[in-house]
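**Q** Quick one, query_12.txt (compact mmCIF, C-alpha atoms):
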# COMPACT_ATOMS: atom_id res chain seq x y z
CA MET A 103 133.45 29.84 188.65
CA ARG A 104 135.12 29.30 185.30
CA LYS A 105 135.60 25.60 186.05
CA ILE A 106 131.94 25.29 187.02
CA LEU A 107 130.83 26.87 183.74
CA GLN A 108 133.15 24.65 181.73
CA GLN A 109 131.84 21.56 183.52
CA THR A 110 128.25 22.69 182.90
CA TRP A 111 128.87 23.07 179.17
CA ARG A 112 130.63 19.70 179.03
CA THR A 113 127.63 18.09 180.73
CA ARG A 114 125.20 19.75 178.34
CA GLY A 115 127.32 18.74 175.37
CA LEU A 116 127.39 15.12 176.54
CA LEU A 117 123.62 15.13 177.09
CA ALA A 118 123.06 16.57 173.60
CA CYS A 119 125.24 13.86 172.09
CA LEU A 120 123.28 11.17 173.89
CA LEU A 121 120.02 12.65 172.58
CA TRP A 122 121.32 13.11 169.04
CA PRO A 123 119.86 9.80 167.71
CA ALA A 124 116.44 10.83 169.00
CA SER A 125 116.85 14.17 167.22
CA ARG A 126 117.62 12.36 163.97
CA ILE A 127 114.46 10.29 164.29
CA TYR A 128 112.47 13.41 165.14
CA GLY A 129 113.85 15.14 162.05
CA LEU A 130 112.78 12.27 159.81
CA LEU A 131 109.31 12.27 161.33
CA ILE A 132 108.70 16.00 160.85
CA LYS A 133 109.95 15.83 157.24
CA ALA A 134 107.63 12.89 156.58
CA ARG A 135 104.72 14.71 158.19
CA ARG A 136 105.31 17.81 156.09
CA HIS A 137 105.54 15.70 152.93
CA LEU A 138 102.24 13.96 153.74
CA TYR A 139 100.51 17.33 153.97
CA GLN A 140 102.15 18.60 150.79
CA SER A 141 101.21 15.46 148.87
CA GLY A 142 97.60 15.65 150.01
CA PHE A 143 97.69 12.43 152.04
CA PHE A 144 96.85 14.54 155.11
CA ARG A 145 94.13 17.11 154.52
CA SER A 146 95.20 20.73 154.45
CA GLU A 147 92.45 23.32 154.06
CA LYS A 148 92.55 26.48 151.98
CA LEU A 149 90.42 29.30 153.39
CA PRO A 150 88.57 31.92 151.34
CA VAL A 151 90.65 34.74 152.83
CA PRO A 152 94.43 35.17 153.08
CA VAL A 153 96.13 33.66 156.13
CA LEU A 154 99.28 35.02 157.78
CA VAL A 155 101.00 32.76 160.31
CA VAL A 156 103.34 34.11 163.00
CA GLY A 157 105.39 31.36 164.60
CA ASN A 158 108.85 30.08 165.34
CA VAL A 159 110.97 27.05 164.71
CA VAL A 160 112.47 27.15 168.21
CA ALA A 161 110.67 25.81 171.27
CA GLY A 162 109.73 28.52 173.74
CA GLY A 163 108.65 32.14 173.50
CA ALA A 164 110.33 34.54 171.12
CA GLY A 165 107.86 37.40 170.81
CA LYS A 166 105.12 35.92 168.64
CA THR A 167 102.15 37.40 170.49
CA PRO A 168 103.55 40.97 170.70
CA LEU A 169 104.20 40.76 166.96
CA VAL A 170 100.65 39.55 166.29
CA MET A 171 99.28 42.53 168.21
CA ALA A 172 101.59 44.92 166.35
CA LEU A 173 100.51 43.46 162.99
CA VAL A 174 96.81 43.60 163.82
CA GLN A 175 97.06 47.23 164.93
CA HIS A 176 99.11 48.14 161.85
CA LEU A 177 96.61 46.52 159.47
CA GLN A 178 93.63 48.01 161.31
CA LYS A 179 95.13 51.47 160.75
CA ARG A 180 95.17 50.62 157.05
CA GLY A 181 91.44 50.03 157.26
CA LEU A 182 91.56 46.23 157.04
CA THR A 183 89.25 43.90 158.97
CA VAL A 184 91.47 41.35 160.69
CA GLY A 185 90.66 38.24 162.71
CA VAL A 186 93.01 36.27 164.95
CA LEU A 187 93.30 32.51 165.46
CA SER A 188 94.98 30.82 168.41
CA ARG A 189 95.19 27.46 170.08
CA GLY A 190 94.55 29.09 173.46
CA TYR A 191 97.41 27.37 175.22
CA GLY A 192 96.88 26.75 178.94
CA ARG A 193 93.10 27.18 178.94
CA ILE A 194 90.58 24.80 180.46
CA GLY A 195 88.71 22.76 177.86
CA SER A 196 89.20 22.44 174.13
CA ALA A 197 85.94 23.78 172.67
CA CYS A 198 86.13 26.22 169.79
CA GLN A 199 85.01 29.62 171.08
CA GLN A 200 85.29 33.35 170.62
CA VAL A 201 87.27 35.36 173.14
CA PHE A 202 85.36 38.36 174.46
CA ALA A 203 86.55 41.10 176.80
CA ASP A 204 84.77 39.40 179.72
CA THR A 205 85.71 35.81 178.84
CA PRO A 206 87.50 34.25 181.83
CA VAL A 207 91.18 33.82 181.02
CA SER A 208 90.94 30.23 182.21
CA GLN A 209 88.63 29.58 179.25
CA SER A 210 90.46 31.63 176.63
CA GLY A 211 94.14 31.37 177.50
CA ASP A 212 96.25 34.34 178.51
CA GLU A 213 97.64 35.32 175.10
CA PRO A 214 94.29 35.31 173.23
CA ALA A 215 92.82 37.43 176.05
CA LEU A 216 95.69 39.87 175.77
CA ILE A 217 95.33 40.12 171.97
CA GLN A 218 91.58 40.74 172.20
CA ARG A 219 91.93 43.45 174.83
CA ALA A 220 94.80 45.18 173.03
CA THR A 221 93.30 45.17 169.53
CA GLY A 222 89.55 44.65 169.80
CA ALA A 223 89.81 42.25 166.87
CA PRO A 224 87.71 39.07 166.86
CA VAL A 225 89.76 36.26 168.38
CA PHE A 226 88.79 32.59 168.19
CA VAL A 227 90.54 29.71 169.95
CA ALA A 228 90.54 25.99 169.18
CA PRO A 229 93.09 23.16 168.98
CA SER A 230 92.28 23.08 165.25
CA ARG A 231 93.11 26.44 163.68
CA VAL A 232 90.88 25.45 160.74
CA GLU A 233 87.90 25.02 163.06
CA ALA A 234 88.64 28.38 164.69
CA ALA A 235 88.91 30.00 161.26
CA ARG A 236 85.59 28.61 160.08
CA ALA A 237 83.83 29.83 163.21
CA LEU A 238 85.40 33.28 162.94
CA LEU A 239 84.48 33.70 159.27
CA GLN A 240 80.94 32.55 159.92
CA ALA A 241 80.54 35.09 162.73
CA TYR A 242 82.43 37.85 160.91
CA PRO A 243 82.00 37.30 157.15
CA ALA A 244 83.51 40.72 156.32
CA THR A 245 86.91 39.60 157.62
CA GLN A 246 89.59 40.28 155.02
CA LEU A 247 92.61 38.62 156.63
CA LEU A 248 93.32 36.02 159.31
CA ILE A 249 96.42 36.09 161.50
CA CYS A 250 97.38 32.90 163.28
CA ASP A 251 99.25 33.34 166.57
CA ASP A 252 101.70 30.41 166.51
CA GLY A 253 100.96 27.47 164.25
CA LEU A 254 103.95 27.47 161.91
CA GLN A 255 103.87 23.66 162.18
CA HIS A 256 100.04 23.45 162.00
CA TYR A 257 99.98 22.35 158.37
CA ALA A 258 96.29 21.46 158.39
CA LEU A 259 95.75 25.19 157.85
CA GLN A 260 97.12 26.49 154.57
CA ARG A 261 98.81 29.83 154.74
CA ASP A 262 99.79 32.58 152.33
CA VAL A 263 102.46 34.31 154.42
CA GLU A 264 104.76 32.83 157.07
CA ILE A 265 106.75 34.88 159.57
CA ALA A 266 109.35 33.21 161.80
CA VAL A 267 110.31 35.01 165.02
CA PHE A 268 113.62 34.59 166.87
CA ASP A 269 115.12 36.09 170.00
CA ASP A 270 118.79 36.43 170.96
CA SER A 271 119.15 32.69 171.49
CA GLY A 272 118.83 32.19 167.73
CA VAL A 273 118.70 28.49 166.94
CA GLY A 274 120.68 27.46 170.01
CA ASN A 275 123.02 24.59 169.24
CA GLY A 276 121.32 24.11 165.88
CA TRP A 277 120.01 20.65 166.73
CA LEU A 278 116.45 19.40 166.63
CA LEU A 279 114.46 18.39 169.68
CA PRO A 280 115.25 16.82 172.09
CA ALA A 281 119.02 17.42 171.71
CA GLY A 282 118.43 21.04 170.76
CA PRO A 283 115.65 23.65 170.67
CA LEU A 284 114.60 23.34 167.02
CA ARG A 285 111.11 22.17 166.08
CA GLU A 286 112.12 22.10 162.42
CA PRO A 287 115.47 22.15 160.60
CA TRP A 288 116.95 25.61 160.08
CA PRO A 289 117.89 27.15 157.68
CA GLU A 290 116.19 24.44 155.59
CA ARG A 291 112.78 25.65 156.76
CA LEU A 292 113.63 29.12 155.48
CA SER A 293 113.51 27.86 151.91
CA SER A 294 110.31 25.88 152.53
CA GLY A 295 107.77 28.63 152.92
CA VAL A 296 109.05 31.15 155.48
CA ASP A 297 108.64 34.58 153.91
CA LEU A 298 110.01 36.89 156.60
CA VAL A 299 112.34 36.53 159.59
CA LEU A 300 112.07 38.90 162.54
CA HIS A 301 114.56 39.10 165.42
CA SER A 302 113.02 40.36 168.65
CA GLY A 303 116.31 40.53 170.56
CA GLN A 304 119.21 42.97 170.53
CA LYS A 305 121.78 40.63 168.98
CA PRO A 306 120.37 38.87 165.89
CA ALA A 307 122.13 35.58 165.25
CA PHE A 308 121.65 35.78 161.48
CA LYS A 309 120.08 37.87 158.73
CA GLY A 310 116.54 39.20 159.16
CA PHE A 311 114.47 42.18 160.20
CA THR A 312 114.65 43.49 163.76
CA ALA A 313 112.25 44.80 166.38
CA SER A 314 112.82 46.85 169.51
CA ARG A 315 111.33 45.82 172.82
CA GLN A 316 110.97 48.20 175.72
CA LEU A 317 108.60 48.71 178.60
CA SER A 318 106.12 51.54 178.68
CA ASP A 319 106.76 54.31 181.17
CA HIS A 320 103.71 53.32 183.20
CA GLY A 321 101.89 50.42 184.78
CA VAL A 322 98.17 49.71 184.46
CA ALA A 323 96.02 48.82 187.46
CA ALA A 324 92.98 46.53 187.45
CA ASP A 325 90.67 49.55 187.14
CA GLY A 326 92.49 50.75 184.03
CA LYS A 327 94.22 53.67 185.71
CA THR A 328 97.86 54.25 184.78
CA HIS A 329 100.70 54.92 187.20
CA ALA A 330 104.07 56.29 186.13
CA LEU A 331 106.98 53.95 186.81
CA SER A 332 109.07 56.97 187.72
CA SER A 333 106.87 57.40 190.81
CA LEU A 334 108.14 54.03 192.04
CA GLN A 335 111.83 54.90 191.85
CA GLY A 336 113.61 54.80 195.17
CA GLN A 337 111.13 52.41 196.77
CA PRO A 338 111.28 48.60 196.81
CA VAL A 339 108.89 46.81 194.47
CA VAL A 340 108.25 43.14 193.73
CA ALA A 341 108.34 41.91 190.13
CA LEU A 342 106.57 38.78 188.89
CA ALA A 343 106.75 37.13 185.49
CA ALA A 344 105.26 33.88 184.21
CA ILE A 345 106.70 34.06 180.71
CA ALA A 346 109.29 32.13 178.74
CA ARG A 347 112.16 34.36 179.89
CA PRO A 348 111.26 36.17 183.14
CA ASN A 349 114.72 37.68 183.55
CA ALA A 350 114.20 39.78 180.43
CA PHE A 351 111.26 41.49 182.14
CA PHE A 352 113.19 42.00 185.36
CA GLU A 353 116.17 43.49 183.53
CA MET A 354 113.95 45.96 181.69
CA LEU A 355 112.39 47.07 184.98
CA THR A 356 115.83 47.61 186.46
CA ALA A 357 116.80 49.61 183.38
CA CYS A 358 113.85 51.89 184.16
CA GLY A 359 115.58 52.79 187.42
CA LEU A 360 113.45 50.61 189.68
CA THR A 361 114.69 48.75 192.74
CA LEU A 362 113.44 45.15 192.76
CA SER A 363 113.30 43.87 196.33
CA GLN A 364 112.07 40.48 195.10
CA THR A 365 111.65 38.75 191.76
CA ILE A 366 109.24 35.87 191.24
CA SER A 367 109.77 33.63 188.21
CA LEU A 368 107.02 31.18 187.29
CA PRO A 369 106.54 28.80 184.35
CA ASP A 370 105.21 30.28 181.12
CA HIS A 371 101.37 30.41 181.03
CA HIS A 372 101.14 29.75 184.79
CA ASP A 373 97.42 29.68 185.67
CA PHE A 374 97.76 31.07 189.24
CA LEU A 375 94.90 28.84 190.44
CA GLY A 376 95.26 28.59 194.19
CA TYR A 377 98.43 30.67 194.04
CA GLN A 378 99.40 32.36 197.30
CA LEU A 379 101.65 35.39 197.06
CA ASP A 380 104.17 35.55 199.89
CA ILE A 381 104.73 39.31 200.12
CA GLU A 382 103.73 42.04 202.53
CA PRO A 383 100.27 43.66 202.18
CA GLU A 384 100.13 46.96 200.28
CA THR A 385 103.28 46.02 198.38
CA THR A 386 103.50 47.16 194.76
CA LEU A 387 103.69 44.16 192.44
CA LEU A 388 104.78 44.72 188.84
CA CYS A 389 103.93 42.06 186.27
CA THR A 390 103.69 41.59 182.53
CA GLU A 391 100.47 42.28 180.64
CA LYS A 392 100.06 38.55 180.01
CA ASP A 393 100.19 37.88 183.75
CA GLY A 394 98.02 40.88 184.53
CA VAL A 395 94.98 39.50 182.70
CA LYS A 396 95.05 36.58 185.16
CA LEU A 397 96.19 38.30 188.36
CA PHE A 398 93.59 41.08 188.21
CA GLY A 399 90.81 38.54 188.67
CA LEU A 400 92.27 36.83 191.75
CA GLN A 401 90.80 37.54 195.16
CA SER A 402 94.20 36.87 196.73
CA MET A 403 95.64 39.87 194.86
CA THR A 404 93.36 42.44 196.50
CA ARG A 405 95.80 43.01 199.36
CA VAL A 406 98.61 44.11 197.05
CA ARG A 407 98.87 46.81 194.41
CA VAL A 408 99.18 45.02 191.07
CA LEU A 409 100.40 46.98 188.06
CA ALA A 410 100.78 45.37 184.65
CA VAL A 411 103.53 47.02 182.62
CA PRO A 412 102.80 47.09 178.87
CA LEU A 413 105.50 46.05 176.44
CA GLN A 414 106.19 48.31 173.47
CA PHE A 415 107.07 45.98 170.60
CA LEU A 416 108.16 47.97 167.55
CA PRO A 417 109.22 46.12 164.40
CA GLU A 418 111.43 48.23 162.17
CA PRO A 419 109.48 50.15 159.49
CA ALA A 420 111.07 48.11 156.70
CA PHE A 421 109.50 44.96 158.16
CA MET A 422 105.99 46.41 158.08
CA THR A 423 106.61 47.58 154.53
CA ALA A 424 107.66 44.04 153.59
CA VAL A 425 104.46 42.67 155.14
CA ASP A 426 102.37 45.18 153.18
CA VAL A 427 104.12 44.19 149.95
CA LEU A 428 103.42 40.49 150.54
CA LEU A 429 99.78 41.09 151.41
CA ALA A 430 99.02 43.57 148.61
CA PRO A 431 98.34 41.03 145.82
CA LEU A 432 96.45 38.74 148.22
CA LEU A 433 94.08 41.46 149.35
CA THR A 434 93.42 42.93 145.89
CA THR A 435 92.96 39.70 143.93
CA GLY A 436 89.62 38.85 145.52
CA LEU A 437 88.40 36.65 148.32
CA ASN A 438 87.48 33.65 146.18
CA SER A 439 90.58 33.54 144.00
CA GLN A 440 92.89 30.55 143.97
CA LEU A 441 96.06 32.25 145.05
CA PRO A 442 99.45 30.88 144.07
CA SER A 443 101.44 29.87 147.12
CA SER A 444 105.07 29.10 147.76
CA HIS A 445 104.12 26.95 150.73
CA GLY A 446 103.51 23.77 148.80
CA HIS A 447 99.94 23.05 149.94
Would you write the structure of this file as structure tokens?
**A**
Amino acid sequence: MRKILQQTWRTRGLLACLLWPASRIYGLLIKARRHLYQSGFFRSEKLPVPVLVVGNVVAGGAGKTPLVMALVQHLQKRGLTVGVLSRGYGRIGSACQQVFADTPVSQSGDEPALIQRATGAPVFVAPSRVEAARALLQAYPATQLLICDDGLQHYALQRDVEIAVFDDSGVGNGWLLPAGPLREPWPERLSSGVDLVLHSGQKPAFKGFTASRQLSDHGVAADGKTHALSSLQGQPVVALAAIARPNAFFEMLTACGLTLSQTISLPDHHDFLGYQLDIEPETTLLCTEKDGVKLFGLQSMTRVRVLAVPLQFLPEPAFMTAVDVLLAPLLTTGLNSQLPSSHGH
């Protein structure tokens, strides 16, 4: 086994070396692109309300959407009117539109649907975050703050606060795509606008705030009824996850004392169109909330008991305090003020 692992790492190292020239070219291109936005050659739009962007510099999921929901709920408790922008990855079509509670997930994307249902905040999706922002502000002119789910590299939208999210993989091998996982150089990007760093895993690779992730003690059925996970202990259940790291979900279910008779891993944002589940009727299927918003609407799921298990994402209190401190001058200066920004736009 040890020899196999060593050979695997040698192969990966060789592949990374072969891709290194492409990474160098990619690095030059992203620096040039950023400079063109900063210099005004490419248009970058300033909105009349503050914008907070939650994103990452590493390809793949790291906990951006759970953080967006936590931030929206935190700010709503403070009495602020918050709107959310998203690309709507994985949806059909590219029209700018609002996400309502009854909007088909195929038209909204799974993450925007999840954010809308969890927070009740107005959510707009469009490939252009600027277009989504304009539409949201026109429909909801009392909005005081916009939060952009992903979009750290979407420089066409100016931002006042940037939050970079990492999981336990950190920056991987530290190389840019395609030799490594980085979308932008790190830690260089930290000094180019990123205000806060949040680690969503248990073993932060470098300095930053932390957040705890754990599953709720219950699953939610399509009719909204909750079922305690403890009632499933001692009986086999099937677990399904179409997220960036399915094993993380499976491990948390096992930690809850559940026996997983089968685990089904699917690509992130899987649309489930035409999907046929190969399990026995009346079986209990546990899935993530993001998968639940899609599975609940499938006719093929009526023969199994689908329960979506909510994720409790809890940033440390010091992180929320830091967010409040950053937003305080932006929210009290006035909506039409020209706010100073460290982001170079």
**Q** Which stretch 119-219 of chain A residues have any atom within 9 Å of an atom of stretch 324-348 of chain A, and for each, what is the nearest pair of atoms with distance in Å to one decimal, counting all atoms listed in the file, rows sorted by chain and number, as a tab-separated table?
**A**
residue	atom	partner	partner_atom	distance
A:Gly162	CA	A:Ala346	CA	6.2
A:Gly163	CA	A:Ala346	CA	5.3
A:Ala164	CA	A:Ala346	CA	8.1
**Q** Tell me, as a list in words, which residues lie within 7 Å of stretch 405-411 of chain A, counting all atoms listed in the file; anything in the same chain fewer than 4 positions away does not count.
**A**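 Once the adjacent positions are removed, what remains is Leu317, Ser318, His320, Gly321, Val322, Ala323, Pro383, Glu384, Thr385, Thr386, Leu387, Leu388, Cys389, Thr390, Glu391 and Gly394 of chain A.
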**Q** Can you pull out every residue within 7 Å of stretch 140-156 of chain A, counting only C-alpha atoms, but drop anything in the same chain fewer than 3 positions away, and send it as a PyMOL selection string?
**A** chain A and resi 136-137+166+170+246-254+257-266+432+437-438+446-447
**Q** Using only C-alpha atoms, which protein or nucleic acid residues come within 8 Å of A:Asp373? Drop anything in the same chain fewer than 2 positions from it, and give the result as a list in words.
**A**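 Answer for this query is Gly192, Ser208, His371, Leu375 and Lys396 of chain A.
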**Q** Those same residues, written as a CSV table (one decimal), keeping the file's coordinate frame with C-alpha atoms?
**A**
chain,number,residue,atom,x,y,z
A,192,GLY,CA,96.9,26.8,178.9
A,208,SER,CA,90.9,30.2,182.2
A,371,HIS,CA,101.4,30.4,181.0
A,375,LEU,CA,94.9,28.8,190.4
A,396,LYS,CA,95.0,36.6,185.2
**Q** Which is closest to A:Val227 among A:Ile194, A:Leu187, A:Ala172, A:Ile127, if we use only C-alpha atoms?
**A** A:Leu187
**Q** Restricting the calculation to only C-alpha atoms, which member of A:Leu429, A:Ala161, A:Leu278, A:Met354 is positioned closest to A:Trp122?
**A**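 When distances to A:Trp122 are compared using only C-alpha atoms, the smallest one comes from A:Leu278.
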**Q** If you measure from atom CA of A:Pro224 to atom CA of A:Val186, what distance in Å do you get, rounded to one decimal?
**A**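 Atom-to-atom, atom CA of A:Pro224 and atom CA of A:Val186 are spaced 6.3 Å apart.
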**Q** One decimal, Å: what's the distance from atom CA of A:Arg193 over to atom CA of A:Pro369, could you say?
**A**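 Value for the atom CA of A:Arg193-atom CA of A:Pro369 distance: 14.6 Å.
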**Q** Can you tell me, as a list in words, what residues are no more than 12 Å from A:Gly222 when counting all atoms listed in the file, ignoring any on the same chain fewer than 5 positions away?
**A**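 Listed by chain and then number, they are Met171, Val174, Gln175, Gln178, Thr183, Val184, Gly185, Val186, Val201, Phe202, Ala203, Pro214, Ala215, Leu216 and Ile217 of chain A.
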**Q** Quick one: of A:Leu130, A:Ala223, A:Leu121, A:Asp297, who's nearest to A:Leu428, counting all atoms listed in the file?
**A**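 Closest candidate: A:Asp297.
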